>>> print(open('protein_26.cif').read())   # mmCIF, C-alpha atoms
data_target
loop_
_atom_site.group_PDB
_atom_site.id
_atom_site.type_symbol
_atom_site.label_atom_id
_atom_site.label_comp_id
_atom_site.auth_asym_id
_atom_site.auth_seq_id
_atom_site.Cartn_x
_atom_site.Cartn_y
_atom_site.Cartn_z
ATOM 1 C CA MET A 38 64.677 -5.096 120.497
ATOM 2 C CA THR A 39 66.597 -7.876 122.254
ATOM 3 C CA SER A 40 65.985 -8.806 125.894
ATOM 4 C CA LYS A 41 69.337 -7.226 126.831
ATOM 5 C CA GLN A 42 68.428 -3.934 125.164
ATOM 6 C CA PHE A 43 64.993 -4.018 126.777
ATOM 7 C CA GLY A 44 66.584 -4.570 130.203
ATOM 8 C CA LYS A 45 68.936 -1.613 129.717
ATOM 9 C CA SER A 46 66.083 0.640 128.620
ATOM 10 C CA LEU A 47 63.887 -0.440 131.527
ATOM 11 C CA PHE A 48 66.703 0.144 134.014
ATOM 12 C CA THR A 49 67.290 3.665 132.661
ATOM 13 C CA VAL A 50 63.573 4.500 132.763
ATOM 14 C CA LEU A 51 63.252 3.265 136.360
ATOM 15 C CA ILE A 52 66.212 5.382 137.487
ATOM 16 C CA PHE A 53 64.756 8.516 135.902
ATOM 17 C CA VAL A 54 61.260 7.828 137.286
ATOM 18 C CA LEU A 55 62.686 7.367 140.788
ATOM 19 C CA LEU A 56 64.705 10.576 140.517
ATOM 20 C CA ALA A 57 61.633 12.462 139.264
ATOM 21 C CA LEU A 58 59.583 11.214 142.222
ATOM 22 C CA LEU A 59 62.293 12.234 144.708
ATOM 23 C CA VAL A 60 62.534 15.714 143.176
ATOM 24 C CA GLU A 61 58.734 16.098 143.066
ATOM 25 C CA THR A 62 58.289 15.111 146.719
ATOM 26 C CA GLY A 63 61.163 17.355 147.843
ATOM 27 C CA TRP A 64 63.363 14.592 149.250
ATOM 28 C CA PHE A 65 66.566 16.132 147.939
ATOM 29 C CA GLU A 66 65.658 19.436 149.609
ATOM 30 C CA HIS A 67 64.980 17.607 152.882
ATOM 31 C CA LEU A 68 68.306 15.769 152.590
ATOM 32 C CA THR A 69 70.176 19.070 152.904
ATOM 33 C CA ASP A 70 68.209 19.964 156.057
ATOM 34 C CA LYS A 71 70.269 18.548 158.912
ATOM 35 C CA HIS A 72 67.480 19.038 161.447
ATOM 36 C CA TRP A 73 64.977 17.094 159.319
ATOM 37 C CA VAL A 74 67.474 14.261 158.753
ATOM 38 C CA ALA A 75 68.277 14.032 162.465
ATOM 39 C CA GLU A 76 64.594 13.921 163.378
ATOM 40 C CA LEU A 77 63.846 11.232 160.768
ATOM 41 C CA ILE A 78 66.720 9.004 161.905
ATOM 42 C CA ASN A 79 65.856 9.422 165.599
ATOM 43 C CA GLN A 80 62.141 8.753 165.125
ATOM 44 C CA ASP A 81 62.110 6.043 162.441
ATOM 45 C CA GLY A 82 65.206 4.059 163.397
ATOM 46 C CA ILE A 83 66.441 1.613 160.753
ATOM 47 C CA SER A 84 63.776 2.585 158.206
ATOM 48 C CA GLY A 85 64.753 6.238 158.605
ATOM 49 C CA ASP A 86 68.437 5.344 158.194
ATOM 50 C CA ALA A 87 67.648 3.403 155.008
ATOM 51 C CA MET A 88 65.561 6.242 153.541
ATOM 52 C CA VAL A 89 68.232 8.836 154.213
ATOM 53 C CA PHE A 90 70.983 6.550 152.889
ATOM 54 C CA GLY A 91 69.059 5.784 149.680
ATOM 55 C CA CYS A 92 68.364 9.457 149.022
ATOM 56 C CA ALA A 93 71.999 10.329 149.743
ATOM 57 C CA VAL A 94 73.137 7.702 147.218
ATOM 58 C CA LEU A 95 70.857 9.034 144.470
ATOM 59 C CA PHE A 96 71.649 12.653 145.376
ATOM 60 C CA MET A 97 75.365 12.026 144.806
ATOM 61 C CA ALA A 98 74.745 9.770 141.800
ATOM 62 C CA VAL A 99 73.237 12.738 139.939
ATOM 63 C CA GLY A 100 76.070 15.065 140.932
ATOM 64 C CA GLY A 101 75.040 16.343 144.366
ATOM 65 C CA PRO A 102 78.030 17.458 146.479
ATOM 66 C CA ARG A 103 79.252 14.657 148.736
ATOM 67 C CA GLN A 104 80.660 17.293 151.114
ATOM 68 C CA LEU A 105 77.131 18.430 151.914
ATOM 69 C CA VAL A 106 76.018 14.864 152.652
ATOM 70 C CA ALA A 107 79.050 14.380 154.923
ATOM 71 C CA LEU A 108 78.220 17.629 156.736
ATOM 72 C CA VAL A 109 74.634 16.486 157.390
ATOM 73 C CA TYR A 110 75.687 12.988 158.448
ATOM 74 C CA GLY A 111 78.339 14.426 160.758
ATOM 75 C CA TYR A 112 75.799 16.751 162.357
ATOM 76 C CA THR A 113 73.394 13.836 162.868
ATOM 77 C CA LEU A 114 75.680 10.920 163.768
ATOM 78 C CA GLY A 115 78.981 12.457 164.852
ATOM 79 C CA SER A 116 82.293 12.544 163.011
ATOM 80 C CA ALA A 117 83.228 8.825 163.058
ATOM 81 C CA LEU A 118 79.894 7.214 162.141
ATOM 82 C CA GLY A 119 78.999 10.190 159.949
ATOM 83 C CA THR A 120 82.221 9.718 157.956
ATOM 84 C CA LEU A 121 81.538 6.010 157.483
ATOM 85 C CA MET A 122 77.930 6.460 156.343
ATOM 86 C CA ALA A 123 78.739 9.381 154.033
ATOM 87 C CA ALA A 124 81.696 7.521 152.481
ATOM 88 C CA LEU A 125 79.570 4.406 151.891
ATOM 89 C CA ALA A 126 76.804 6.502 150.331
ATOM 90 C CA ALA A 127 79.371 8.258 148.128
ATOM 91 C CA ILE A 128 80.899 5.027 146.803
ATOM 92 C CA VAL A 129 77.480 3.444 146.169
ATOM 93 C CA GLY A 130 76.356 6.620 144.383
ATOM 94 C CA CYS A 131 79.579 6.540 142.367
ATOM 95 C CA SER A 132 78.925 2.911 141.357
ATOM 96 C CA VAL A 133 75.335 3.730 140.308
ATOM 97 C CA THR A 134 76.546 6.457 137.929
ATOM 98 C CA PHE A 135 79.441 4.293 136.725
ATOM 99 C CA TYR A 136 77.228 1.332 135.800
ATOM 100 C CA VAL A 137 74.407 3.451 134.388
ATOM 101 C CA ALA A 138 77.010 4.928 132.033
ATOM 102 C CA ARG A 139 78.561 1.546 131.235
ATOM 103 C CA PHE A 140 75.329 -0.332 130.556
ATOM 104 C CA THR A 141 72.915 2.297 129.245
ATOM 105 C CA VAL A 142 74.251 5.705 128.139
ATOM 106 C CA LYS A 143 77.807 4.751 127.130
ATOM 107 C CA GLY A 144 77.163 5.441 123.441
ATOM 108 C CA LEU A 145 75.553 8.810 124.179
ATOM 109 C CA VAL A 146 78.466 9.933 126.367
ATOM 110 C CA ASN A 147 81.030 8.856 123.764
ATOM 111 C CA ARG A 148 79.183 10.727 121.018
ATOM 112 C CA HIS A 149 79.068 13.967 122.991
ATOM 113 C CA PHE A 150 82.475 13.745 124.686
ATOM 114 C CA GLY A 151 84.447 11.663 122.182
ATOM 115 C CA LYS A 152 87.822 13.395 122.584
ATOM 116 C CA LYS A 153 87.462 13.736 126.354
ATOM 117 C CA THR A 154 86.631 10.061 126.831
ATOM 118 C CA LYS A 155 89.625 9.040 124.718
ATOM 119 C CA LYS A 156 92.033 11.227 126.692
ATOM 120 C CA PHE A 157 90.488 10.151 129.970
ATOM 121 C CA GLU A 158 90.880 6.484 129.055
ATOM 122 C CA GLN A 159 94.515 6.946 128.071
ATOM 123 C CA PHE A 160 95.165 8.666 131.377
ATOM 124 C CA ILE A 161 93.180 6.484 133.795
ATOM 125 C CA CYS A 162 93.803 2.907 132.629
ATOM 126 C CA HIS A 163 97.379 2.734 133.981
ATOM 127 C CA LYS A 164 97.678 2.748 137.807
ATOM 128 C CA THR A 165 93.956 3.471 137.954
ATOM 129 C CA TRP A 166 93.475 3.464 141.711
ATOM 130 C CA LEU A 167 96.347 5.902 142.359
ATOM 131 C CA LYS A 168 95.199 8.412 139.741
ATOM 132 C CA VAL A 169 91.611 8.225 140.972
ATOM 133 C CA VAL A 170 92.797 8.896 144.537
ATOM 134 C CA ILE A 171 94.504 12.071 143.308
ATOM 135 C CA ILE A 172 91.412 13.169 141.363
ATOM 136 C CA ARG A 173 89.164 12.630 144.402
ATOM 137 C CA PHE A 174 91.616 14.552 146.600
ATOM 138 C CA LEU A 175 91.151 17.717 144.571
ATOM 139 C CA PRO A 176 88.705 20.281 145.990
ATOM 140 C CA VAL A 177 87.482 21.129 142.473
ATOM 141 C CA GLY A 178 86.156 19.100 139.565
ATOM 142 C CA SER A 179 82.932 17.312 138.716
ATOM 143 C CA ASN A 180 82.331 14.027 140.485
ATOM 144 C CA LEU A 181 79.473 13.266 138.064
ATOM 145 C CA VAL A 182 81.567 13.818 134.927
ATOM 146 C CA THR A 183 84.410 11.665 136.291
ATOM 147 C CA ASN A 184 82.008 8.787 137.017
ATOM 148 C CA LEU A 185 80.316 9.066 133.623
ATOM 149 C CA LEU A 186 83.625 9.118 131.745
ATOM 150 C CA ALA A 187 84.952 6.153 133.726
ATOM 151 C CA GLY A 188 81.820 4.127 133.083
ATOM 152 C CA SER A 189 81.873 4.975 129.383
ATOM 153 C CA THR A 190 85.463 3.794 128.884
ATOM 154 C CA HIS A 191 87.422 0.628 129.662
ATOM 155 C CA THR A 192 88.381 1.909 133.106
ATOM 156 C CA PRO A 193 88.875 -1.080 135.469
ATOM 157 C CA SER A 194 85.985 -0.967 137.931
ATOM 158 C CA SER A 195 87.937 -2.449 140.869
ATOM 159 C CA GLY A 196 90.737 0.129 140.679
ATOM 160 C CA PHE A 197 88.257 2.943 140.104
ATOM 161 C CA PHE A 198 86.118 2.092 143.134
ATOM 162 C CA LEU A 199 89.118 1.436 145.391
ATOM 163 C CA GLY A 200 90.724 4.743 144.431
ATOM 164 C CA SER A 201 87.414 6.568 144.821
ATOM 165 C CA PHE A 202 86.781 5.224 148.308
ATOM 166 C CA ILE A 203 90.292 6.078 149.511
ATOM 167 C CA GLY A 204 90.144 9.483 147.861
ATOM 168 C CA TYR A 205 86.710 10.255 149.304
ATOM 169 C CA LEU A 206 87.737 9.617 152.912
ATOM 170 C CA PRO A 207 89.777 12.769 153.714
ATOM 171 C CA GLN A 208 87.169 15.344 152.655
ATOM 172 C CA THR A 209 84.337 13.164 153.965
ATOM 173 C CA PHE A 210 85.995 13.062 157.385
ATOM 174 C CA ILE A 211 86.675 16.794 157.289
ATOM 175 C CA PHE A 212 83.076 17.763 156.485
ATOM 176 C CA ALA A 213 81.597 15.157 158.823
ATOM 177 C CA SER A 214 83.801 16.606 161.592
ATOM 178 C CA ALA A 215 82.623 20.096 160.678
ATOM 179 C CA GLY A 216 79.018 18.888 160.891
ATOM 180 C CA ALA A 217 79.729 17.271 164.256
ATOM 181 C CA GLY A 218 81.342 20.504 165.456
ATOM 182 C CA ILE A 219 78.203 22.438 164.518
ATOM 183 C CA GLY A 220 75.847 19.823 165.956
ATOM 184 C CA PHE A 221 77.652 19.527 169.277
ATOM 185 C CA SER A 222 78.757 23.195 169.431
ATOM 186 C CA ASP A 223 82.379 22.048 169.456
ATOM 187 C CA HIS A 224 84.332 25.025 168.144
ATOM 188 C CA PHE A 225 87.672 23.222 168.368
ATOM 189 C CA THR A 226 86.428 20.389 166.100
ATOM 190 C CA LEU A 227 85.039 22.935 163.658
ATOM 191 C CA LEU A 228 88.331 24.861 163.546
ATOM 192 C CA PHE A 229 90.323 21.629 163.218
ATOM 193 C CA SER A 230 88.189 20.503 160.254
ATOM 194 C CA CYS A 231 88.807 23.849 158.512
ATOM 195 C CA ILE A 232 92.576 23.420 158.964
ATOM 196 C CA LEU A 233 92.377 19.867 157.602
ATOM 197 C CA LEU A 234 90.405 21.097 154.572
ATOM 198 C CA VAL A 235 93.126 23.606 153.691
ATOM 199 C CA ALA A 236 95.827 20.956 154.188
ATOM 200 C CA SER A 237 94.065 18.343 152.053
ATOM 201 C CA SER A 238 93.466 20.899 149.291
ATOM 202 C CA LEU A 239 97.163 21.789 149.232
ATOM 203 C CA ILE A 240 98.172 18.104 149.160
ATOM 204 C CA GLY A 241 95.696 17.387 146.375
ATOM 205 C CA THR A 242 96.958 20.315 144.302
ATOM 206 C CA TYR A 243 100.573 19.240 144.819
ATOM 207 C CA LEU A 244 99.854 15.638 143.773
ATOM 208 C CA TYR A 245 97.906 16.860 140.760
ATOM 209 C CA ARG A 246 100.789 18.999 139.544
ATOM 210 C CA ARG A 247 103.386 16.289 140.156
ATOM 211 C CA ARG A 248 101.423 13.266 138.868
ATOM 212 C CA VAL A 249 98.439 14.251 136.742
ATOM 213 C CA GLN A 250 99.576 17.282 134.751
ATOM 214 C CA PRO A 251 102.781 15.657 133.368
ATOM 215 C CA THR A 252 100.841 12.543 132.302
ATOM 216 C CA MET A 253 98.158 14.587 130.567
ATOM 217 C CA ALA A 254 100.834 16.671 128.847
ATOM 218 C CA ASP A 255 102.456 13.483 127.510
ATOM 219 C CA ILE A 256 99.096 12.195 126.232
ATOM 220 C CA LEU A 257 98.352 15.468 124.446
ATOM 221 C CA ALA A 258 101.859 15.542 122.943
ATOM 222 C CA GLU A 259 101.487 11.979 121.608
ATOM 223 C CA GLU A 260 98.100 12.851 120.149
ATOM 224 C CA LYS A 261 99.540 15.891 118.312
ATOM 225 C CA GLU A 262 102.401 13.786 116.911
ATOM 226 C CA THR A 263 99.919 11.168 115.694
ATOM 227 C CA GLN A 264 97.766 13.789 114.000
ATOM 228 C CA ALA A 265 100.850 15.360 112.389
#
>>> encode(input="protein_26.cif", output="structure tokens")
Amino acid sequence: MTSKQFGKSLFTVLIFVLLALLVETGWFEHLTDKHWVAELINQDGISGDAMVFGCAVLFMAVGGPRQLVALVYGYTLGSALGTLMAALAAIVGCSVTFYVARFTVKGLVNRHFGKKTKKFEQFICHKTWLKVVIIRFLPVGSNLVTNLLAGSTHTPSSGFFLGSFIGYLPQTFIFASAGAGIGFSDHFTLLFSCILLVASSLIGTYLYRRRVQPTMADILAEEKETQA
């Protein structure tokens, strides 16, 4: 085993050990408890902030819903700061999954999702940031699968992260505002966030049908012609 291979293996083992410890100690369960998070941040200051942020990053890196993290952060910190912290945690979690896939489990992902990775790469490598924005806008879909596929292909990291951050912001703001509305008993903010969620979902669906579906149809058509 070369030093590079050993480093990759060690990195993978450390990630899994850390995740196992967090699951065993119940940190992920605590992360979804807005009262526990608020108490930790208020009592422990910067160290509490860092602990919550680190757990939020790993929670989303393994596929935890970023909307839930935004809701908890909004309840604890308010809509503006909650949006910022949740969006930062989401993009760091995204980068963790992306680089774990790129440097450690790329071969495994390609073996199990060979056709999907090929189609994804054909779709995402042109105007990457714009297509990622549209994907992140959608209210459905697996954040974990998207990150794994991107990391396992030749997807440009800069465009992927830029598009992800921009695409994360609308729903992050909406759920952070909803959390703030619950935390501060602000019914208007809560209602407004629900309206924004419906609007963003409609916009995301519209962009998907206008931009993503035609591109995917072209890719599938080219693939059928090649096979024929």
>>> residues_around(input="protein_26.cif", residues="segment 105-110 of chain A", least_positions_apart="6", cutoff="7 Å", atoms="only C-alpha atoms", output="ChimeraX atom specification")
/A:69,71,93,119-120,123,209,212-213,215-216
>>> atom_distance(input="protein_26.cif", atom1="atom CA of Ala98 of chain A", atom2="atom CA of Thr134 of chain A")
5.4 Å
>>> atom_distance(input="protein_26.cif", atom1="atom CA of Val142 of chain A", atom2="atom CA of Trp166 of chain A")
23.6 Å
>>> resolve_selection(input="protein_26.cif", expression="the PyMOL selection byres ((chain A and resi 132) around 9)", output="list in words")
Ala98, Ala127, Ile128, Val129, Gly130, Cys131, Val133, Thr134, Phe135, Tyr136, Val137, Asn184, Gly188, Ser194 and Phe198 of chain A
>>> resolve_selection(input="protein_26.cif", expression="the PyMOL selection byres ((chain A and resi 143) around 12)", output="PyMOL selection string")
chain A and resi 45+49+134-142+144-151+154+184-191
>>> resolve_selection(input="protein_26.cif", expression="the PyMOL selection byres ((chain A and resi 157) around 9)", output="list of chain:residue names")
A:Lys152, A:Lys153, A:Thr154, A:Lys155, A:Lys156, A:Glu158, A:Gln159, A:Phe160, A:Ile161, A:Cys162, A:Thr183, A:Leu186, A:Ala187, A:Thr190, A:Met253
>>> closest_residue(input="protein_26.cif", among="A:Val169, A:Ala126, A:Arg246, A:Ile211", to="Asp86 of chain A", atoms="all atoms listed in the file")
A:Ala126
>>> atom_distance(input="protein_26.cif", atom1="atom CA of Phe202 of chain A", atom2="atom CA of Leu175 of chain A")
13.8 Å
>>> closest_residue(input="protein_26.cif", among="A:Leu199, A:Thr165, A:Phe174, A:Pro102", to="Val235 of chain A", atoms="all atoms listed in the file")
A:Phe174
